[in-house]
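Novice: Sharing upload.csv here; it has CSV, C-alpha atoms.
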chain,number,residue,atom,x,y,z
A,1,MET,CA,91.2,118.8,84.3
A,2,PHE,CA,88.8,120.4,86.7
A,3,SER,CA,88.4,120.1,90.5
A,4,PHE,CA,85.5,121.6,92.3
A,5,ARG,CA,84.7,122.7,95.8
A,6,GLY,CA,81.7,124.4,97.4
A,7,LEU,CA,79.1,125.4,94.8
A,8,GLY,CA,81.0,123.7,92.0
A,9,VAL,CA,80.2,120.4,93.6
A,10,LYS,CA,76.7,120.8,92.1
A,11,ILE,CA,78.3,120.7,88.6
A,12,PHE,CA,80.3,117.6,89.4
A,13,PHE,CA,77.3,115.7,91.0
A,14,GLY,CA,75.0,116.8,88.1
A,15,ILE,CA,77.4,115.1,85.7
A,16,VAL,CA,77.5,112.0,87.9
A,17,ALA,CA,73.7,111.9,88.0
A,18,VAL,CA,73.4,112.1,84.3
A,19,ILE,CA,75.9,109.3,83.8
A,20,CYS,CA,74.1,107.1,86.4
A,21,ILE,CA,70.7,107.6,84.7
A,22,VAL,CA,72.1,107.0,81.1
A,23,THR,CA,74.0,103.9,82.2
A,24,GLY,CA,71.0,102.6,84.1
A,25,CYS,CA,68.7,103.0,81.1
A,26,ILE,CA,71.2,101.3,78.8
A,27,VAL,CA,71.4,98.3,81.2
A,28,ILE,CA,67.7,98.1,81.7
A,29,PHE,CA,66.7,98.4,78.0
A,30,THR,CA,69.5,96.1,76.7
A,31,GLN,CA,68.7,93.3,79.2
A,32,PRO,CA,66.9,90.4,77.4
A,33,THR,CA,63.4,89.9,78.7
A,34,ASN,CA,62.9,86.3,77.6
A,35,TYR,CA,65.8,84.9,79.6
A,36,GLU,CA,65.1,82.4,82.4
A,37,LYS,CA,66.7,82.0,85.8
A,38,THR,CA,68.5,79.0,87.3
A,39,THR,CA,71.0,78.2,90.0
A,40,ALA,CA,74.7,77.6,89.1
A,41,SER,CA,77.6,76.3,91.2
A,42,ILE,CA,81.0,78.0,91.3
A,43,VAL,CA,83.5,75.5,90.0
A,44,SER,CA,86.7,77.6,89.9
A,45,ILE,CA,88.1,81.0,91.0
A,46,GLU,CA,91.3,81.8,89.2
A,47,GLU,CA,93.5,84.9,88.9
A,48,ASP,CA,93.2,86.7,85.6
A,49,PRO,CA,96.7,86.4,84.0
A,50,ASN,CA,95.8,89.2,81.4
A,51,TYR,CA,94.8,91.8,84.0
A,52,ILE,CA,97.0,94.9,84.1
A,53,PRO,CA,96.4,96.8,87.4
A,54,ASP,CA,95.7,100.6,87.3
A,55,PRO,CA,98.7,102.4,89.0
A,56,ASP,CA,96.1,104.5,90.9
A,57,SER,CA,94.0,101.5,92.0
A,58,THR,CA,94.4,99.5,95.2
A,59,ASN,CA,93.3,96.3,93.4
A,60,ASP,CA,96.4,94.6,92.0
A,61,LYS,CA,94.6,91.4,91.1
A,62,GLN,CA,91.4,90.4,89.2
A,63,TYR,CA,89.7,87.0,89.3
A,64,ILE,CA,87.7,85.0,86.8
A,65,VAL,CA,84.8,83.0,88.3
A,66,LYS,CA,83.6,80.0,86.4
A,67,VAL,CA,80.1,78.5,87.1
A,68,LYS,CA,78.4,75.3,86.1
A,69,TYR,CA,74.6,75.0,85.5
A,70,THR,CA,72.3,72.4,84.1
A,71,VAL,CA,69.4,72.9,81.6
A,72,ASP,CA,67.3,70.0,80.4
A,73,GLY,CA,69.8,67.5,81.7
A,74,LYS,CA,72.8,69.1,79.9
A,75,ASP,CA,75.6,70.8,81.8
A,76,TYR,CA,77.0,74.2,80.8
A,77,THR,CA,80.1,76.1,82.1
A,78,THR,CA,80.5,79.8,81.7
A,79,ASP,CA,82.3,82.9,83.0
A,80,TYR,CA,80.1,84.3,85.7
A,81,GLY,CA,81.4,87.9,85.0
A,82,PHE,CA,81.4,89.0,88.6
A,83,TYR,CA,83.7,88.3,91.6
A,84,SER,CA,83.3,88.8,95.4
A,85,PRO,CA,85.9,88.0,98.0
A,86,SER,CA,83.2,86.0,99.8
A,87,TYR,CA,82.9,83.5,97.0
A,88,LYS,CA,84.1,79.9,97.5
A,89,ILE,CA,84.2,76.9,95.2
A,90,GLY,CA,80.9,75.1,95.7
A,91,ASP,CA,78.8,78.2,96.4
A,92,THR,CA,75.7,78.7,94.4
A,93,VAL,CA,74.7,81.8,92.5
A,94,GLU,CA,71.8,82.8,90.3
A,95,ILE,CA,72.2,83.3,86.6
A,96,GLN,CA,70.0,84.0,83.6
A,97,TYR,CA,70.2,82.0,80.3
A,98,ASP,CA,68.6,82.0,76.9
A,99,PRO,CA,66.1,79.1,76.7
A,100,LYS,CA,66.6,78.9,73.0
A,101,ASP,CA,70.4,78.6,73.5
A,102,PRO,CA,71.2,77.8,77.1
A,103,SER,CA,74.9,78.4,76.5
A,104,LYS,CA,74.1,82.2,76.3
A,105,THR,CA,73.9,83.9,79.7
A,106,ALA,CA,73.2,87.5,80.7
A,107,ALA,CA,75.0,89.7,83.2
A,108,PRO,CA,74.6,88.3,86.7
A,109,GLN,CA,73.3,91.6,88.2
A,110,GLY,CA,70.5,91.7,85.6
A,111,PRO,CA,68.3,94.8,85.3
A,112,LEU,CA,68.5,95.4,89.0
A,113,PHE,CA,71.8,97.3,88.6
A,114,GLY,CA,70.2,99.5,86.0
A,115,TYR,CA,67.2,100.4,88.3
A,116,ILE,CA,69.6,101.2,91.1
A,117,ALA,CA,71.7,103.4,88.9
A,118,VAL,CA,68.7,105.3,87.7
A,119,ALA,CA,67.4,105.7,91.2
A,120,VAL,CA,70.7,107.0,92.5
A,121,GLY,CA,71.1,109.4,89.5
A,122,GLY,CA,67.5,110.6,89.9
A,123,GLY,CA,67.9,111.1,93.6
A,124,ILE,CA,71.0,113.3,93.1
A,125,LEU,CA,69.2,115.4,90.5
A,126,VAL,CA,66.2,115.9,92.8
A,127,LEU,CA,68.5,117.0,95.6
A,128,LEU,CA,70.3,119.5,93.3
A,129,ILE,CA,67.1,120.9,92.0
A,130,VAL,CA,65.5,121.2,95.4
A,131,GLY,CA,68.6,122.8,96.8
A,132,THR,CA,68.7,125.4,94.0
A,133,ILE,CA,65.0,126.2,94.4
A,134,LEU,CA,65.4,126.6,98.2
A,135,THR,CA,68.4,128.9,97.8
A,136,LYS,CA,66.5,131.1,95.3
A,137,LYS,CA,63.5,131.2,97.6
A,138,LYS,CA,65.7,132.3,100.5
A,139,VAL,CA,67.2,135.1,98.4
A,140,LYS,CA,63.6,136.2,97.3
A,141,ASN,CA,62.4,136.1,100.9
A,142,LEU,CA,65.4,138.3,102.0
A,143,VAL,CA,64.5,140.8,99.4
A,144,GLU,CA,60.9,140.8,100.4
A,145,VAL,CA,61.8,141.3,104.1
A,146,GLN,CA,64.5,143.9,103.9
A,147,GLY,CA,64.3,145.1,100.3
A,148,GLU,CA,67.0,145.2,97.6
A,149,THR,CA,70.5,145.9,99.0
A,150,VAL,CA,71.5,149.5,98.6
A,151,PHE,CA,75.0,150.4,99.6
A,152,ALA,CA,75.6,153.8,101.1
A,153,PRO,CA,77.0,156.4,98.6
A,154,SER,CA,80.7,157.1,98.7
A,155,GLU,CA,81.6,159.8,101.2
A,156,LYS,CA,85.1,160.9,101.9
A,157,GLY,CA,86.6,162.1,105.2
A,158,GLU,CA,90.1,162.1,106.8
A,159,GLU,CA,92.4,159.4,105.8
A,160,ARG,CA,92.6,156.6,108.4
A,161,GLU,CA,94.3,153.2,108.9
A,162,LEU,CA,91.9,150.4,109.7
A,163,TYR,CA,92.3,146.6,110.1
A,164,PHE,CA,90.3,143.7,108.6
A,165,LEU,CA,90.4,140.5,110.7
A,166,THR,CA,89.0,137.0,110.3
A,167,ASP,CA,88.0,134.6,113.1
A,168,LEU,CA,90.3,131.5,113.0
A,169,GLY,CA,89.7,128.0,114.4
A,170,THR,CA,86.0,128.0,113.8
A,171,PRO,CA,83.7,126.8,110.9
A,172,LYS,CA,81.5,129.9,111.6
A,173,ALA,CA,84.4,132.2,110.6
A,174,GLY,CA,83.3,135.8,110.9
A,175,HIS,CA,85.0,139.0,109.8
A,176,ARG,CA,85.3,142.5,111.2
A,177,ILE,CA,87.0,145.9,110.6
A,178,GLU,CA,88.6,147.6,113.6
A,179,ASP,CA,90.2,151.0,114.1
A,180,LYS,CA,93.5,151.6,115.8
A,181,ASN,CA,91.8,151.5,119.2
A,182,ARG,CA,90.4,148.0,118.4
A,183,LYS,CA,86.8,149.4,118.2
A,184,VAL,CA,84.7,147.3,115.8
A,185,LEU,CA,83.3,149.5,113.0
A,186,TYR,CA,81.8,146.8,110.8
A,187,GLU,CA,81.4,143.1,111.1
A,188,ALA,CA,79.8,140.0,109.6
A,189,LYS,CA,78.7,137.0,111.7
A,190,ILE,CA,77.3,133.6,110.5
A,191,LYS,CA,74.0,132.9,112.1
A,192,LYS,CA,74.0,129.2,111.4
A,193,PHE,CA,76.7,126.9,110.0
A,194,THR,CA,75.6,124.6,107.1
A,195,VAL,CA,77.5,122.2,104.9
A,196,THR,CA,75.4,122.2,101.7
A,197,LYS,CA,73.4,125.5,101.9
A,198,PRO,CA,74.6,129.1,101.8
A,199,PHE,CA,75.3,130.7,105.2
A,200,GLU,CA,72.9,133.3,106.5
A,201,VAL,CA,75.3,136.1,107.5
A,202,GLU,CA,74.5,139.2,109.5
A,203,PHE,CA,76.4,142.3,108.3
A,204,THR,CA,76.4,145.0,110.9
A,205,ASP,CA,77.4,148.6,110.5
A,206,CYS,CA,78.4,149.2,114.1
A,207,VAL,CA,78.8,153.0,113.5
A,208,HIS,CA,75.3,153.5,112.1
A,209,GLY,CA,73.6,150.7,114.0
A,210,GLN,CA,72.3,149.0,110.9
A,211,THR,CA,72.2,145.2,110.3
A,212,THR,CA,71.5,143.4,106.9
A,213,VAL,CA,71.3,139.7,106.3
A,214,HIS,CA,73.0,138.2,103.2
A,215,LEU,CA,73.4,134.7,101.9
A,216,VAL,CA,77.1,133.8,101.5
A,217,GLY,CA,77.9,130.5,99.7
A,218,HIS,CA,80.7,128.1,100.2
A,219,ARG,CA,84.0,128.7,98.4
A,220,GLU,CA,84.2,127.2,94.9
A,221,GLU,CA,87.6,126.4,93.3
A,222,THR,CA,88.2,125.6,89.7
A,223,ASP,CA,91.6,124.2,88.7
A,224,ARG,CA,92.2,125.0,85.0
A,225,ASN,CA,95.5,123.1,85.0
A,226,SER,CA,97.3,125.3,82.5
A,227,ILE,CA,99.7,128.0,83.6
A,228,ILE,CA,101.0,127.8,87.2
A,229,PHE,CA,98.6,129.1,89.8
A,230,ASP,CA,95.9,129.3,87.1
A,231,ASN,CA,93.0,128.8,89.5
A,232,HIS,CA,89.6,130.5,89.9
A,233,TYR,CA,88.1,131.1,93.3
A,234,THR,CA,84.7,132.4,94.1
A,235,PHE,CA,81.5,132.0,96.1
A,236,ASP,CA,77.9,133.2,95.7
A,237,PHE,CA,76.7,136.3,97.4
A,238,ASP,CA,72.9,136.5,97.5
A,239,GLY,CA,72.8,133.9,94.7
A,240,VAL,CA,75.2,135.8,92.5
A,241,PRO,CA,79.0,135.0,92.0
A,242,ILE,CA,80.8,137.5,94.2
A,243,TRP,CA,83.0,139.0,91.5
A,244,LYS,CA,80.0,139.6,89.3
A,245,TYR,CA,78.1,141.1,92.3
A,246,LEU,CA,80.9,143.5,93.0
A,247,LYS,CA,81.3,144.5,89.4
A,248,THR,CA,77.5,145.3,89.1
A,249,HIS,CA,78.1,147.7,92.1
A,250,GLY,CA,80.9,149.5,90.4
A,251,ILE,CA,83.8,147.9,92.1
A,252,THR,CA,87.2,147.5,90.3
A,253,VAL,CA,90.4,146.3,91.8
A,254,VAL,CA,94.1,146.5,90.8
A,255,SER,CA,96.2,143.8,92.3
A,256,LYS,CA,99.9,143.7,92.8
A,257,PHE,CA,102.5,143.0,95.4
A,258,ALA,CA,103.0,145.6,98.1
A,259,SER,CA,106.0,147.8,97.5
A,260,GLY,CA,109.1,146.1,98.9
A,261,LYS,CA,107.1,143.1,100.1
A,262,VAL,CA,107.5,140.3,97.6
A,263,MET,CA,104.9,137.9,99.0
A,264,THR,CA,102.4,140.4,100.3
A,265,PRO,CA,99.4,141.0,98.0
A,266,SER,CA,98.0,144.5,97.9
A,267,TYR,CA,94.9,145.9,96.2
A,268,THR,CA,93.8,149.3,95.1
A,269,ILE,CA,90.0,149.3,95.3
A,270,SER,CA,87.9,151.8,93.3
A,271,ARG,CA,84.1,152.4,93.1
A,272,ASP,CA,82.7,153.9,89.9
A,273,GLY,CA,86.2,154.7,88.8
A,274,GLU,CA,87.2,156.6,92.1
A,275,GLU,CA,89.7,155.1,94.5
A,276,ILE,CA,88.1,154.3,97.9
A,277,ALA,CA,90.9,152.3,99.6
A,278,TYR,CA,94.3,150.7,99.4
A,279,ILE,CA,94.7,147.4,101.3
A,280,GLU,CA,97.6,145.1,102.1
A,281,GLN,CA,97.5,141.5,103.2
A,282,THR,CA,99.0,141.0,106.7
A,283,SER,CA,99.6,138.3,109.2
A,284,GLN,CA,96.9,137.5,111.8
A,285,TYR,CA,98.3,140.5,113.7
A,286,PRO,CA,97.4,143.4,111.5
A,287,HIS,CA,97.8,145.9,114.3
A,288,GLU,CA,101.4,147.1,114.2
A,289,GLU,CA,102.0,146.6,117.9
A,290,ASP,CA,100.8,143.0,117.7
A,291,ALA,CA,103.0,142.3,114.7
A,292,GLU,CA,106.0,143.7,116.5
A,293,LYS,CA,105.2,141.6,119.6
A,294,HIS,CA,105.0,138.4,117.6
A,295,LYS,CA,108.0,139.2,115.4
A,296,ILE,CA,108.4,136.5,112.8
A,297,ALA,CA,104.8,135.3,112.9
A,298,GLY,CA,103.8,138.9,112.6
A,299,LYS,CA,105.5,139.2,109.2
A,300,MET,CA,103.9,136.2,107.5
A,301,PRO,CA,100.9,137.4,105.4
A,302,ILE,CA,97.9,135.0,105.4
A,303,GLU,CA,94.5,135.1,103.9
A,304,GLY,CA,91.8,136.9,105.8
A,305,PHE,CA,93.8,139.7,107.4
A,306,TYR,CA,94.4,143.1,105.9
A,307,ARG,CA,95.6,146.6,106.7
A,308,ILE,CA,93.3,149.3,105.2
A,309,PHE,CA,94.2,152.8,104.2
A,310,THR,CA,91.1,154.8,103.2
A,311,LYS,CA,89.3,158.1,103.4
A,312,GLU,CA,86.0,156.4,102.9
A,313,LYS,CA,83.4,157.0,105.7
A,314,ASN,CA,80.9,154.3,104.6
A,315,LEU,CA,82.4,150.9,104.9
A,316,ASP,CA,79.6,148.6,103.7
A,317,LEU,CA,80.6,148.0,100.1
A,318,LEU,CA,84.3,148.2,101.0
A,319,PHE,CA,83.8,145.5,103.6
A,320,VAL,CA,82.1,143.1,101.2
A,321,THR,CA,84.9,143.7,98.7
A,322,ILE,CA,87.6,142.8,101.2
A,323,MET,CA,85.6,139.9,102.5
A,324,ALA,CA,85.5,138.6,98.9
A,325,PHE,CA,89.3,138.2,98.9
A,326,ALA,CA,89.4,137.0,102.5
A,327,ARG,CA,86.9,134.1,101.9
A,328,SER,CA,87.8,133.1,98.4
A,329,GLY,CA,91.6,133.2,98.4
A,330,ALA,CA,91.6,135.0,95.0
A,331,THR,CA,94.2,137.6,94.1
A,332,ASP,CA,92.3,139.6,91.6
A,333,ALA,CA,88.7,140.8,91.1
A,334,SER,CA,88.0,138.1,88.5
A,335,GLY,CA,88.6,135.4,91.1
A,336,GLY,CA,92.0,134.4,89.6
A,337,SER,CA,95.2,133.4,91.4
A,338,ARG,CA,97.9,134.5,89.0
A,339,LYS,CA,97.0,137.9,87.6
A,340,ILE,CA,98.8,139.6,90.5
A,341,LEU,CA,102.1,138.1,89.1
A,342,PHE,CA,101.6,140.1,85.9
A,343,ASN,CA,100.5,143.3,87.6
A,344,SER,CA,103.5,143.6,89.9
In structure tokens, write the structure found in this file.
Specialist:
Amino acid sequence: MFSFRGLGVKIFFGIVAVICIVTGCIVIFTQPTNYEKTTASIVSIEEDPNYIPDPDSTNDKQYIVKVKYTVDGKDYTTDYGFYSPSYKIGDTVEIQYDPKDPSKTAAPQGPLFGYIAVAVGGGILVLLIVGTILTKKKVKNLVEVQGETVFAPSEKGEERELYFLTDLGTPKAGHRIEDKNRKVLYEAKIKKFTVTKPFEVEFTDCVHGQTTVHLVGHREETDRNSIIFDNHYTFDFDGVPIWKYLKTHGITVVSKFASGKVMTPSYTISRDGEEIAYIEQTSQYPHEEDAEKHKIAGKMPIEGFYRIFTKEKNLDLLFVTIMAFARSGATDASGGSRKILFNS
């Protein structure tokens, strides 16, 4: 069983499109071409006694519609094969019959249903293809304008405690890293909110005064439905799944619960095998004085807020790594949600 959100919706609708097109073609090419049309009258509408309703369906009844039509002076009665709540006895409907054997009729919708199904499926495929092409074009344009993304080399300084915060209550949720004095050191802001396309996000190194634009996709969730919490969470970053993107830049993460804090995830982040930071998930009050002020609320860890312990001077790649956890909801660097249970 799979459930998809965000980018994974493309997979779902791609399957739907293929089903629509195949079904439509079957209907179109199996419809008899030599059948003739005539008008029939509804003579009865009765509840189907053999119908067993689906427990998940809102329809607890199904009806059989009988129609009567005349060909060459002879009357015929047949199951119309379609029901609408608007139907009443005496209403007229159009049917198709075999002129060689008028007792044989075709589906009331005729090939029209097939053409509609093909059109819908084709339309979905076109939208998916166009959307993918436009996204790749955007990534290419970004590279042409600002070049390939190169993260600053790792540089160590004094150990410091920093705070990662996420904007709440807005679809254009941004992120930032602050120091103890609440000075913003690094931040990411969405330039424009979109529903189907990746966000254009400005990443600003406030210390060095540098801004880079990246394309950040919507969150994708896959429910593998096996072991508890066996989910996969990800999103695309410049057209690449975020966990693959981080791996190609030398990032590895060890996940576990923070010492003495059963429900507080923590992560040791390394770059090219060298530890660059240790982070703990916090409440929306990562600053100690705020957590103390809000008491109980300040002790409830939630996604998007972290306390950072690091000697790293350059925060660009560290920021993207923490944002990956903040935006995806994953608990390990593979995008999973249960590995932390086995690492604790």
Novice: Using only C-alpha atoms, can you tell me which of A:Glu280, A:Asp60, A:Glu46, A:Glu289 comes closest to A:Phe164?
Specialist: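 Closest candidate: A:Glu280.
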Novice: So which residues touch stretch 197-210 of chain A within 6 Å, counting all atoms listed in the file, skipping near sequence neighbours fewer than 5 positions away, as a short mmCIF file (atom, residue, chain, number, x, y, z; two decimals) with C-alpha atoms, in the frame of the given file?
Specialist:
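What landed in around_17.cif:
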data_model
loop_
_atom_site.label_atom_id
_atom_site.label_comp_id
_atom_site.auth_asym_id
_atom_site.auth_seq_id
_atom_site.Cartn_x
_atom_site.Cartn_y
_atom_site.Cartn_z
CA LEU A 185 83.30 149.50 113.00
CA TYR A 186 81.80 146.80 110.80
CA GLU A 187 81.40 143.10 111.10
CA ALA A 188 79.80 140.00 109.60
CA LYS A 189 78.70 137.00 111.70
CA ILE A 190 77.30 133.60 110.50
CA LYS A 191 74.00 132.90 112.10
CA LEU A 215 73.40 134.70 101.90
CA VAL A 216 77.10 133.80 101.50
CA GLY A 217 77.90 130.50 99.70
#
Novice: What lies within 7 Å of A:Thr105 using all atoms listed in the file, ignoring chain neighbours under 3 positions off, as a PyMOL selection string?
Specialist: chain A and resi 96-98
Novice: Taking only C-alpha atoms into account, name the residue in A:Leu165, A:Ala40, A:Ile52, A:Leu134 that is nearest to A:Thr92.
Specialist: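 When distances to A:Thr92 are compared using only C-alpha atoms, the smallest one comes from A:Ala40.
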Novice: List the spatial neighbours of stretch 23-27 of chain A as a list in words - criterion: any atom at most 6 Å away, all atoms listed in the file, same-chain residues fewer than 6 positions off excluded.
Specialist: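 Here the qualifying residues turn out to be Gly114, Ala117 and Val118 of chain A.
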Novice: Box for stretch 239-246 of chain A - axis-aligned, 3 Å on each of the six sides, all listed atoms - centre and size in Å to one decimal, as AutoDock Vina command-line options.
Specialist:
--center_x 77.9 --center_y 138.7 --center_z 92.0 --size_x 16.2 --size_y 15.6 --size_z 11.4
Novice: Atom CA of A:Asp75 to atom CA of A:Ile45: how many Å, to one decimal?
Specialist: 18.6 Å
Novice: Which neighbours of A:Val43 fall inside 12 Å, counting all atoms listed in the file, when residues of the same chain fewer than 3 positions from it are skipped, and could you give them as a PyMOL selection string?
Specialist: chain A and resi 40+46+64-69+76-80+87-93
Novice: Go ahead and dump the residues you just picked, C-alpha atoms, as a CSV table (one decimal), keeping the file's coordinate frame.
Specialist:
chain,number,residue,atom,x,y,z
A,40,ALA,CA,74.7,77.6,89.1
A,46,GLU,CA,91.3,81.8,89.2
A,64,ILE,CA,87.7,85.0,86.8
A,65,VAL,CA,84.8,83.0,88.3
A,66,LYS,CA,83.6,80.0,86.4
A,67,VAL,CA,80.1,78.5,87.1
A,68,LYS,CA,78.4,75.3,86.1
A,69,TYR,CA,74.6,75.0,85.5
A,76,TYR,CA,77.0,74.2,80.8
A,77,THR,CA,80.1,76.1,82.1
A,78,THR,CA,80.5,79.8,81.7
A,79,ASP,CA,82.3,82.9,83.0
A,80,TYR,CA,80.1,84.3,85.7
A,87,TYR,CA,82.9,83.5,97.0
A,88,LYS,CA,84.1,79.9,97.5
A,89,ILE,CA,84.2,76.9,95.2
A,90,GLY,CA,80.9,75.1,95.7
A,91,ASP,CA,78.8,78.2,96.4
A,92,THR,CA,75.7,78.7,94.4
A,93,VAL,CA,74.7,81.8,92.5
Novice: What separation in Å, quoted to one decimal, exists between atom CA of A:Glu144 and atom CA of A:Thr234?
Specialist: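 Atom-to-atom, atom CA of A:Glu144 to atom CA of A:Thr234, that is 26.0 Å.
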Novice: Point out the residue among A:Ile308, A:Ala119, A:Ile42, A:Ala330 with the least atom-to-atom distance to A:Asn231, counting only C-alpha atoms.
Specialist: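 The answer is A:Ala330, which sits nearest to A:Asn231.
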Novice: Between A:Ile19, A:Ile276, A:Val71, A:Leu142, which has the minimum distance to A:Ile124 (counting all atoms listed in the file)?
Specialist: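 Closest to A:Ile124, using all atoms listed in the file: A:Ile19.
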